[in-house]
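query_3.txt follows; it contains compact mmCIF, C-alpha atoms.
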# COMPACT_ATOMS: atom_id res chain seq x y z
CA MET A 1266 126.24 127.41 113.81
CA PHE A 1267 123.78 124.52 113.34
CA LEU A 1268 125.71 122.48 115.92
CA VAL A 1269 124.94 124.93 118.71
CA PRO A 1270 121.44 124.71 120.24
CA ASP A 1271 119.40 127.82 119.63
CA PHE A 1272 119.04 128.86 123.28
CA VAL A 1273 122.83 128.65 123.83
CA GLY A 1274 123.40 130.91 120.83
CA ARG A 1275 120.81 133.34 122.11
CA PHE A 1276 122.36 133.29 125.61
CA PHE A 1277 125.80 134.25 124.26
CA HIS A 1278 124.29 136.84 121.99
CA ARG A 1279 122.54 138.48 124.95
CA MET A 1280 125.66 138.23 127.11
CA ALA A 1281 127.71 140.07 124.50
CA SER A 1282 125.53 143.10 125.13
CA PRO A 1283 127.09 145.14 127.97
CA PRO A 1284 123.90 146.11 129.89
CA HIS A 1285 122.68 142.52 129.94
CA PHE A 1286 126.05 141.24 131.02
CA TYR A 1287 126.25 143.84 133.79
CA ALA A 1288 122.84 143.00 135.20
CA PHE A 1289 123.25 139.24 134.86
CA THR A 1290 126.65 139.07 136.59
CA ALA A 1291 125.35 141.17 139.49
CA ARG A 1292 122.80 138.44 140.20
CA LEU A 1293 125.29 135.62 139.56
CA MET A 1294 128.03 136.90 141.86
CA PRO A 1295 126.74 135.72 145.30
CA TRP A 1296 126.31 132.18 143.98
CA LEU A 1297 129.82 132.11 142.58
CA VAL A 1298 131.24 133.29 145.90
CA VAL A 1299 129.34 130.58 147.81
CA ILE A 1300 130.60 127.85 145.45
CA PHE A 1301 134.14 129.21 145.67
CA VAL A 1302 134.15 129.24 149.48
CA LEU A 1303 132.76 125.70 149.68
CA LEU A 1304 135.24 124.31 147.16
CA THR A 1305 138.21 126.02 148.80
CA ALA A 1306 137.19 124.82 152.27
CA ALA A 1307 136.73 121.25 151.04
CA GLY A 1308 139.97 121.31 149.05
CA LEU A 1309 142.10 122.72 151.86
CA TYR A 1310 140.57 120.41 154.48
CA GLY A 1311 141.14 117.42 152.21
CA GLY A 1312 144.63 118.48 151.18
CA LEU A 1313 146.06 119.69 154.47
CA TYR A 1314 144.24 117.41 156.91
CA LEU A 1315 142.72 114.29 155.30
CA ALA A 1316 145.37 113.50 152.69
CA PRO A 1317 148.23 111.33 153.97
CA ALA A 1318 151.89 112.37 153.92
CA ASP A 1319 153.93 111.43 150.87
CA TYR A 1320 156.21 108.36 151.00
CA GLN A 1321 159.22 110.40 149.90
CA GLN A 1322 158.59 114.05 150.61
CA GLY A 1323 156.61 113.76 153.83
CA ASP A 1324 154.38 116.74 154.51
CA SER A 1325 156.34 119.11 152.28
CA TYR A 1326 154.52 117.86 149.20
CA ARG A 1327 151.33 119.59 150.41
CA ILE A 1328 152.42 122.78 148.67
CA ILE A 1329 151.21 120.89 145.57
CA TYR A 1330 147.68 122.05 146.48
CA ILE A 1331 148.66 125.63 145.69
CA HIS A 1332 151.47 125.14 143.21
CA VAL A 1333 149.83 122.81 140.70
CA PRO A 1334 146.40 124.53 140.48
CA SER A 1335 148.16 127.90 140.03
CA ALA A 1336 150.33 126.50 137.26
CA TRP A 1337 147.27 125.01 135.52
CA MET A 1338 145.46 128.34 135.84
CA SER A 1339 148.42 130.23 134.41
CA LEU A 1340 148.09 128.17 131.20
CA PHE A 1341 144.29 128.10 131.19
CA ILE A 1342 143.92 131.87 131.62
CA TYR A 1343 146.45 132.49 128.87
CA MET A 1344 144.35 130.39 126.48
CA VAL A 1345 141.20 132.28 127.52
CA MET A 1346 143.04 135.55 126.92
CA ALA A 1347 144.26 134.48 123.47
CA ILE A 1348 140.92 133.04 122.35
CA THR A 1349 138.82 136.00 123.53
CA GLY A 1350 141.47 138.27 122.01
CA ALA A 1351 141.01 136.50 118.67
CA ILE A 1352 137.22 136.75 118.96
CA GLY A 1353 137.63 140.47 119.62
CA LEU A 1354 139.86 140.81 116.56
CA ILE A 1355 137.59 138.89 114.21
CA TRP A 1356 134.08 139.82 115.34
CA ARG A 1357 134.98 143.14 117.02
CA ILE A 1358 132.96 142.19 120.11
CA LYS A 1359 133.73 144.73 122.79
CA LEU A 1360 133.06 142.33 125.65
CA ALA A 1361 135.55 139.78 124.28
CA GLU A 1362 138.26 142.44 124.18
CA ILE A 1363 137.50 143.36 127.77
CA VAL A 1364 137.56 139.74 128.95
CA ALA A 1365 140.95 139.31 127.26
CA ILE A 1366 142.62 142.28 128.93
CA SER A 1367 140.92 141.68 132.29
CA SER A 1368 142.35 138.14 132.35
CA ALA A 1369 145.94 139.32 132.05
CA PRO A 1370 146.58 140.55 135.64
CA ILE A 1371 144.88 137.46 137.11
CA GLY A 1372 146.92 135.16 134.89
CA ALA A 1373 150.10 137.03 135.77
CA SER A 1374 149.33 136.59 139.48
CA PHE A 1375 148.76 132.85 139.10
CA THR A 1376 151.99 132.52 137.11
CA PHE A 1377 153.86 134.37 139.83
CA ILE A 1378 152.32 132.15 142.53
CA ALA A 1379 153.30 129.02 140.57
CA LEU A 1380 156.89 130.22 140.19
CA PHE A 1381 157.15 131.39 143.80
CA THR A 1382 155.69 128.25 145.41
CA GLY A 1383 157.78 126.13 143.04
CA SER A 1384 160.86 127.92 144.25
CA LEU A 1385 159.90 127.33 147.90
CA TRP A 1386 159.33 123.67 147.10
CA GLY A 1387 162.52 123.30 145.10
CA LYS A 1388 164.85 124.40 147.86
CA PRO A 1389 164.20 121.54 150.32
CA MET A 1390 163.49 118.85 147.69
CA TRP A 1391 165.89 119.52 144.82
CA GLY A 1392 168.39 121.54 146.85
CA THR A 1393 168.03 124.75 144.86
CA TRP A 1394 165.66 127.72 144.58
CA TRP A 1395 165.94 128.04 140.83
CA VAL A 1396 167.44 126.25 137.84
CA TRP A 1397 167.34 127.25 134.18
CA ASP A 1398 165.70 124.06 132.96
CA ALA A 1399 163.13 124.08 130.15
CA ARG A 1400 160.02 123.92 132.39
CA LEU A 1401 161.03 126.71 134.76
CA THR A 1402 162.34 128.95 131.99
CA SER A 1403 159.27 128.60 129.78
CA GLU A 1404 157.00 129.36 132.75
CA LEU A 1405 159.07 132.49 133.43
CA ILE A 1406 158.62 133.51 129.78
CA LEU A 1407 154.87 133.12 130.32
CA LEU A 1408 155.07 135.64 133.18
CA PHE A 1409 156.90 138.08 130.90
CA LEU A 1410 154.25 137.56 128.19
CA TYR A 1411 151.52 138.47 130.68
CA LEU A 1412 153.49 141.52 131.85
CA GLY A 1413 154.06 142.48 128.20
CA VAL A 1414 150.32 142.30 127.53
CA ILE A 1415 149.55 144.48 130.56
CA GLY A 1416 152.28 146.98 129.64
CA LEU A 1417 151.26 147.22 125.99
CA TYR A 1418 147.62 147.81 126.92
CA GLY A 1419 148.61 150.57 129.32
CA ALA A 1420 150.89 152.23 126.78
CA ILE A 1421 148.19 152.86 124.15
CA ASP A 1422 145.58 155.48 124.98
CA ASP A 1423 142.86 154.40 122.56
CA LYS A 1424 141.60 151.27 124.30
CA ARG A 1425 140.07 149.70 121.19
CA VAL A 1426 143.41 150.00 119.39
CA ALA A 1427 145.18 148.75 122.53
CA SER A 1428 142.93 145.68 122.62
CA LYS A 1429 143.87 144.78 119.05
CA ALA A 1430 147.59 145.14 119.74
CA VAL A 1431 147.28 143.08 122.91
CA ALA A 1432 145.32 140.33 121.14
CA ILE A 1433 148.04 139.97 118.51
CA LEU A 1434 150.76 139.78 121.16
CA ALA A 1435 148.76 137.20 123.11
CA LEU A 1436 148.15 135.10 119.98
CA VAL A 1437 151.83 135.03 119.06
CA GLY A 1438 152.63 134.00 122.62
CA VAL A 1439 150.31 130.99 122.37
CA VAL A 1440 153.24 128.93 121.01
CA ASN A 1441 154.69 129.02 124.53
CA ILE A 1442 151.75 127.06 125.98
CA PRO A 1443 152.51 123.62 124.44
CA VAL A 1444 156.20 124.29 125.06
CA ILE A 1445 155.49 124.68 128.79
CA HIS A 1446 153.28 121.62 128.92
CA TYR A 1447 155.58 119.29 126.99
CA SER A 1448 158.91 120.76 128.19
CA VAL A 1449 159.28 117.98 130.75
CA GLU A 1450 158.83 115.34 128.06
CA TRP A 1451 160.79 116.86 125.19
CA TRP A 1452 163.91 117.68 127.19
CA ASN A 1453 165.78 116.49 130.26
CA THR A 1454 164.62 118.75 133.04
CA LEU A 1455 165.07 118.88 136.78
CA HIS A 1456 161.30 119.32 137.05
CA GLN A 1457 159.61 115.92 137.08
CA GLY A 1458 157.18 114.74 134.41
CA PRO A 1459 153.40 115.21 134.49
CA THR A 1460 151.48 113.49 137.31
CA VAL A 1461 147.83 114.11 136.47
CA THR A 1462 147.58 115.52 132.93
CA LYS A 1463 148.81 112.55 130.94
CA MET A 1464 147.25 109.79 128.92
CA ASP A 1465 148.10 107.16 131.49
CA LYS A 1466 146.40 106.84 134.88
CA PRO A 1467 147.43 109.72 137.22
CA SER A 1468 150.45 108.67 139.30
CA ILE A 1469 149.06 110.17 142.47
CA HIS A 1470 147.13 108.30 145.12
CA VAL A 1471 143.39 108.94 144.93
CA SER A 1472 143.27 110.34 148.49
CA MET A 1473 145.72 113.04 147.36
CA LEU A 1474 144.20 113.52 143.92
CA ILE A 1475 140.66 114.45 145.00
CA PRO A 1476 141.70 117.48 147.09
CA LEU A 1477 143.99 118.54 144.24
CA LEU A 1478 141.10 118.51 141.76
CA LEU A 1479 138.89 120.36 144.28
CA MET A 1480 141.56 123.04 144.61
CA ALA A 1481 141.82 123.25 140.83
CA LEU A 1482 138.05 123.85 140.63
CA SER A 1483 138.23 126.39 143.44
CA PHE A 1484 140.97 128.31 141.59
CA LYS A 1485 138.78 128.27 138.48
CA MET A 1486 135.93 129.78 140.50
CA TYR A 1487 138.27 132.40 141.90
CA TYR A 1488 139.33 133.30 138.38
CA LEU A 1489 135.70 133.61 137.31
CA ILE A 1490 134.90 135.89 140.26
CA ALA A 1491 137.98 138.10 139.81
CA LEU A 1492 137.42 138.21 136.05
CA ILE A 1493 133.78 139.26 136.34
CA GLN A 1494 134.64 142.02 138.81
CA ARG A 1495 137.37 143.37 136.54
CA VAL A 1496 135.18 143.14 133.44
CA ARG A 1497 132.36 145.06 135.17
CA VAL A 1498 134.72 147.89 136.14
CA GLU A 1499 136.30 148.03 132.69
CA LEU A 1500 132.83 148.00 131.07
CA LEU A 1501 131.69 150.97 133.15
CA GLN A 1502 134.84 152.89 132.27
CA ARG A 1503 134.58 152.26 128.54
CA GLU A 1504 130.82 152.79 128.40
CA ARG A 1505 130.71 155.80 130.71
CA ASN A 1506 129.07 157.96 128.02
CA SER A 1507 126.47 155.41 127.00
CA GLN A 1508 122.80 155.57 127.80
CA TRP A 1509 122.54 152.46 129.99
CA VAL A 1510 125.35 153.54 132.34
CA LYS A 1511 123.82 157.02 132.74
CA ALA A 1512 120.41 155.53 133.40
CA MET A 1513 121.82 153.14 136.00
CA VAL A 1514 123.75 155.87 137.81
CA LEU A 1515 120.67 158.09 137.93
CA GLU A 1516 118.61 155.19 139.26
CA ASN A 1517 121.14 154.53 142.02
CA LYS A 1518 121.22 158.20 143.03
CA GLN A 1519 117.52 158.34 143.77
CA MET B 802 130.51 134.57 108.10
CA LYS B 803 131.14 137.89 106.40
CA PRO B 804 134.12 138.04 104.00
CA ALA B 805 135.96 140.62 106.12
CA ARG B 806 135.70 138.42 109.20
CA LYS B 807 136.75 135.35 107.28
CA GLN B 808 139.78 137.24 106.07
CA ARG B 809 140.71 138.30 109.60
CA LEU B 810 140.25 134.74 110.86
CA THR B 811 142.53 133.41 108.13
CA LEU B 812 145.14 136.08 108.90
CA ILE B 813 145.11 135.17 112.58
CA LEU B 814 145.41 131.45 111.88
CA LEU B 815 148.31 132.12 109.50
CA MET B 816 150.01 134.28 112.12
CA VAL B 817 149.72 131.61 114.83
CA LEU B 818 150.89 128.95 112.38
CA GLY B 819 153.88 131.07 111.35
CA ALA B 820 154.86 131.75 114.92
CA SER B 821 154.59 128.04 115.74
CA ILE B 822 156.77 127.01 112.82
CA ALA B 823 159.39 129.63 113.68
CA THR B 824 159.43 128.48 117.30
CA ALA B 825 159.61 124.82 116.32
CA PHE B 826 162.69 125.49 114.17
CA ALA B 827 164.32 127.61 116.85
CA LEU B 828 163.73 124.95 119.51
CA LYS B 829 164.97 122.24 117.18
CA SER B 830 168.25 124.04 116.54
CA PHE B 831 168.74 124.77 120.24
CA ASN B 832 167.74 121.25 121.25
CA GLU B 833 171.15 120.35 122.67
CA ASN B 834 171.36 123.50 124.76
CA LEU B 835 167.89 122.96 126.17
CA MET B 836 168.89 119.63 127.64
CA TYR B 837 169.34 120.38 131.27
CA PHE B 838 171.77 117.50 131.82
CA PHE B 839 173.80 114.85 130.06
CA SER B 840 173.12 111.17 130.65
CA THR B 841 175.73 108.72 131.86
CA THR B 842 175.73 107.09 128.41
CA ASP B 843 176.77 110.44 126.90
CA VAL B 844 179.72 110.54 129.30
CA VAL B 845 180.85 106.99 128.61
CA ASP B 846 180.53 107.60 124.84
CA HIS B 847 182.62 110.81 125.16
CA LYS B 848 179.74 113.01 124.05
CA ALA B 849 179.94 115.11 127.21
CA PRO B 850 182.28 118.15 127.25
CA LYS B 851 185.77 117.75 128.70
CA ASP B 852 187.49 120.29 130.95
CA THR B 853 184.31 122.32 131.35
CA LEU B 854 181.52 122.16 133.87
CA PHE B 855 178.39 120.34 132.82
CA ARG B 856 175.44 118.60 134.44
CA LEU B 857 175.11 114.87 134.71
CA GLY B 858 171.81 113.19 135.49
CA GLY B 859 171.03 109.63 136.46
CA MET B 860 169.90 107.27 139.15
CA VAL B 861 172.05 106.47 142.17
CA ILE B 862 172.79 102.74 142.04
CA LYS B 863 171.59 100.87 145.12
CA GLY B 864 174.47 99.93 147.41
CA SER B 865 176.99 102.10 145.60
CA VAL B 866 177.11 105.02 148.03
CA GLU B 867 180.28 105.00 150.13
CA ARG B 868 182.28 107.47 152.18
CA PRO B 869 185.92 106.63 151.55
CA GLY B 870 187.46 109.23 153.89
CA ASP B 871 186.56 110.64 157.29
CA GLY B 872 185.37 113.89 155.73
CA MET B 873 182.29 114.90 153.79
CA MET B 874 183.41 113.16 150.60
CA VAL B 875 180.82 110.81 149.13
CA ARG B 876 181.38 108.48 146.21
CA PHE B 877 178.56 106.78 144.31
CA LYS B 878 177.70 105.37 140.93
CA LEU B 879 175.12 106.89 138.60
CA THR B 880 173.32 104.98 135.89
CA ASP B 881 170.75 105.51 133.15
CA PHE B 882 170.14 101.74 133.17
CA SER B 883 172.70 101.24 130.43
CA LYS B 884 176.08 102.80 131.36
CA GLU B 885 177.55 103.77 134.75
CA VAL B 886 179.66 106.72 135.89
CA ILE B 887 181.41 107.17 139.25
CA VAL B 888 180.68 110.49 140.96
CA GLU B 889 182.54 112.11 143.84
CA TYR B 890 181.05 114.93 145.83
CA THR B 891 182.13 116.84 148.92
CA GLY B 892 179.37 118.70 150.73
CA ILE B 893 175.87 118.45 152.09
CA LEU B 894 173.47 116.32 150.07
CA PRO B 895 169.79 117.34 149.62
CA ASP B 896 167.12 115.64 151.75
CA LEU B 897 165.83 113.51 148.92
CA PHE B 898 169.26 112.09 148.06
CA ARG B 899 169.18 108.34 148.58
CA GLU B 900 170.03 105.15 146.77
CA GLY B 901 167.69 104.50 143.89
CA GLN B 902 166.89 108.23 143.57
CA GLY B 903 167.33 110.29 140.41
CA ILE B 904 169.80 113.16 140.83
CA VAL B 905 171.46 115.88 138.77
CA ALA B 906 175.10 116.68 139.56
CA HIS B 907 177.00 119.76 138.36
CA GLY B 908 180.74 119.39 137.92
CA LYS B 909 183.36 118.06 135.51
CA LEU B 910 185.23 114.91 134.62
CA ASN B 911 188.73 114.38 135.94
CA THR B 912 191.46 112.50 134.05
CA GLN B 913 190.39 109.12 135.41
CA GLY B 914 186.86 109.57 134.07
CA VAL B 915 185.41 110.20 137.52
CA PHE B 916 182.82 112.96 137.65
CA VAL B 917 183.77 115.44 140.38
CA ALA B 918 180.57 117.23 141.41
CA GLU B 919 180.39 120.72 142.86
CA GLU B 920 176.66 120.58 143.41
CA VAL B 921 174.16 117.74 143.72
CA LEU B 922 170.43 118.28 143.15
CA ALA B 923 167.81 115.63 143.79
CA LYS B 924 165.21 115.00 141.09
CA HIS B 925 161.97 113.75 142.53
CA ASP B 926 159.60 111.62 140.53
CA GLU B 927 156.00 112.34 139.56
CA ASN B 928 154.55 109.73 141.93
CA TYR B 929 152.73 110.75 145.06
CA MET B 930 151.42 108.14 147.48
CA PRO B 931 151.14 107.45 151.18
CA PRO B 932 154.03 105.45 152.75
CA GLU B 933 151.77 102.42 153.41
CA VAL B 934 150.93 102.14 149.71
CA LYS B 935 154.60 102.34 148.81
CA SER B 936 155.55 99.54 151.17
CA SER B 937 152.73 97.30 149.97
CA LEU B 938 153.77 97.93 146.35
CA LYS B 939 157.31 96.91 147.31
CA ASN B 940 156.10 93.68 148.89
CA GLN B 941 154.09 92.80 145.81
CA SER B 942 156.91 93.36 143.36
CA MET B 943 159.53 91.49 145.40
CA PRO B 944 159.66 87.73 144.91
CA LYS B 945 158.92 85.86 148.10
CA LYS B 946 162.15 84.30 149.18
CA ASP B 947 161.24 82.33 152.30
CA LYS B 948 158.48 80.30 150.69

How does the structure come out when it is put into structure tokens?
Amino acid sequence: MFLVPDFVGRFFHRMASPPHFYAFTARLMPWLVVIFVLLTAAGLYGGLYLAPADYQQGDSYRIIYIHVPSAWMSLFIYMVMAITGAIGLIWRIKLAEIVAISSAPIGASFTFIALFTGSLWGKPMWGTWWVWDARLTSELILLFLYLGVIGLYGAIDDKRVASKAVAILALVGVVNIPVIHYSVEWWNTLHQGPTVTKMDKPSIHVSMLIPLLLMALSFKMYYLIALIQRVRVELLQRERNSQWVKAMVLENKQ
Amino acid sequence: MKPARKQRLTLILLMVLGASIATAFALKSFNENLMYFFSTTDVVDHKAPKDTLFRLGGMVIKGSVERPGDGMMVRFKLTDFSKEVIVEYTGILPDLFREGQGIVAHGKLNTQGVFVAEEVLAKHDENYMPPEVKSSLKNQSMPKKDK
């Protein structure tokens, strides 16, 4: 605890309280949307217009600007889901549980987008829509993990119990994350090795890399926006009998 | 941290650790089956299966692609920079197929040790760059002959 500055600790402590979180995110939202729109516009303009064609794949490689950020997000969101799930299990913080379950549908969507755009890319380049190599298969397992989390949560009526069950499932599934990332190095796969996320210098020209990183940031912002919206709805549903929700509804009615 | 929380944290860490170890062992025992393709060295050393379909990966040797007949039949040599295997394929090749390109072929060995492919997939590398950069890289790496 002594490593964290006092005001950061206080900020998180306040944010863990539902009424504070609800009010704070309402004020934050417009700013997030503005940043998201700017990043997406810059990333798409850079990726689809400014970046040159690839020496081998021509213009077809431009699907990278959707495919790769989605694939990164699919892993990132899973880690957020597992970590907040663990925090919910250990400290019984309601907001952490809600963040965990609200991440699942967004993560599932990004995983689906990564698989779908990969398939579209694979047909002209590799000559096939789908192969059962280690990278593609482990990413498909990730999609099933997300769907399992969503299904399990829906199947249990008591949402606090459901959150615990979901957190355990998510934590067991964490083993899949390094498998996905290192699959292209541990085994022979049709999918090529990592381009950006490796120790060496990225093997992508800088004019192509910058839009890719912008798109990655823009996807992160999108996740934040979608997550906050989902968390706010889930909070209201779970806290519908609490004093602060009643007070806010009454205030809005007048 | 309260004892109850510490206990839950330990339990969770143990659970993740257990799951990781189980997965590591499972992956280790399935290692062979997770290999998407065999290398040309495996074929030359008779490690690849006979009489059954399998996948063979490697790089198409520059200058080895030929079309012996009038038809769609293509013959080329694959290498993993140590051993070579001759591959025959009849059909349409993917766009990225070219000499010096990594490919994965699906098929089986015939009695002469030639790999008869039913399907050829191109493997593209992890490098992305504009064509001008590629050509300047080529010029740098090639020894200047005329001077």

Notebook entry, point to check: Which polymer residues have any atom within 12 Å of an atom of segment 815-819 of chain B, counting all atoms listed in the file, with same-chain residues fewer than 4 positions away left out, as a VMD selection string?
Noted result: (chain A and resid 1347 to 1348 1351 1432 to 1441) or (chain B and resid 808 to 811 823 to 826)

Check: Could you work out how far atom CA of Pro1467 of chain A lies from atom CA of Ile1331 of chain A, giving the answer in Å with one decimal?
Finding: 18.1 Å

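Closest approach to chain B among A:Ser1428, A:Thr1460, A:Ser1367, A:Ser1507: A:Thr1460, based on only C-alpha atoms.
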
Next item on the list: Would you give me, as a PyMOL selection string, the residues of chain B that come within 6 Å of chain A, using all atoms listed in the file?
Entry: chain B and resi 806+809-810+817+821+836-837+895+897+922-924+926-932

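Distances to Ser1384 of chain A were evaluated for A:Ala1481, A:Leu1304, A:Ala1420, A:Leu1401 using all atoms listed in the file, and the minimum falls at A:Leu1401.
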
Which centre and edge lengths in Å to one decimal define the box along x, y and z that fits every listed atom of segment 1292-1308 of chain A plus 3 Å per side, as JSON?
{"center_x": 131.4, "center_y": 129.8, "center_z": 145.9, "size_x": 23.2, "size_y": 23.2, "size_z": 18.7}

Next item on the list: Write out as a PyMOL selection string the residues lying within 10 Å of Leu1407 of chain A, counting all atoms listed in the file and excluding same-chain residues fewer than 4 positions away.
Entry: chain A and resi 1339-1340+1343+1372-1373+1376-1377+1401-1403+1411-1413+1438-1439+1441-1442+1445

Taking C-alpha atoms for each residue, export the selection above as a PDB file, in the coordinates of the input.
ATOM      1  CA  SER A1339     148.420 130.230 134.410  1.00  0.00           C
ATOM      2  CA  LEU A1340     148.090 128.170 131.200  1.00  0.00           C
ATOM      3  CA  TYR A1343     146.450 132.490 128.870  1.00  0.00           C
ATOM      4  CA  GLY A1372     146.920 135.160 134.890  1.00  0.00           C
ATOM      5  CA  ALA A1373     150.100 137.030 135.770  1.00  0.00           C
ATOM      6  CA  THR A1376     151.990 132.520 137.110  1.00  0.00           C
ATOM      7  CA  PHE A1377     153.860 134.370 139.830  1.00  0.00           C
ATOM      8  CA  LEU A1401     161.030 126.710 134.760  1.00  0.00           C
ATOM      9  CA  THR A1402     162.340 128.950 131.990  1.00  0.00           C
ATOM     10  CA  SER A1403     159.270 128.600 129.780  1.00  0.00           C
ATOM     11  CA  TYR A1411     151.520 138.470 130.680  1.00  0.00           C
ATOM     12  CA  LEU A1412     153.490 141.520 131.850  1.00  0.00           C
ATOM     13  CA  GLY A1413     154.060 142.480 128.200  1.00  0.00           C
ATOM     14  CA  GLY A1438     152.630 134.000 122.620  1.00  0.00           C
ATOM     15  CA  VAL A1439     150.310 130.990 122.370  1.00  0.00           C
ATOM     16  CA  ASN A1441     154.690 129.020 124.530  1.00  0.00           C
ATOM     17  CA  ILE A1442     151.750 127.060 125.980  1.00  0.00           C
ATOM     18  CA  ILE A1445     155.490 124.680 128.790  1.00  0.00           C
TER      19      ILE A1445
END

Checklist line | Residue with smallest distance to Phe877 of chain B - pool B:Phe838, B:Phe831, B:Phe855, B:Phe916, counting only C-alpha atoms | finding: B:Phe916

Next item on the list: Using all atoms listed in the file, determine which residues lie at most 12 Å from Tyr1487 of chain A, disregarding the query and same-chain residues fewer than 2 positions distant; provide the list as a PyMOL selection string.
Entry: chain A and resi 1294+1297-1305+1334-1335+1338+1342+1368+1371-1372+1375+1480-1485+1489-1494

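Between atom CA of His925 of chain B and atom CA of Val1333 of chain A there is a distance of 15.3 Å.
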
Notebook entry, point to check: Of the residues B:Val886, B:Leu879, B:Ile893, B:Leu812, which is the one nearest to Gln913 of chain B, using only C-alpha atoms?
Noted result: B:Val886
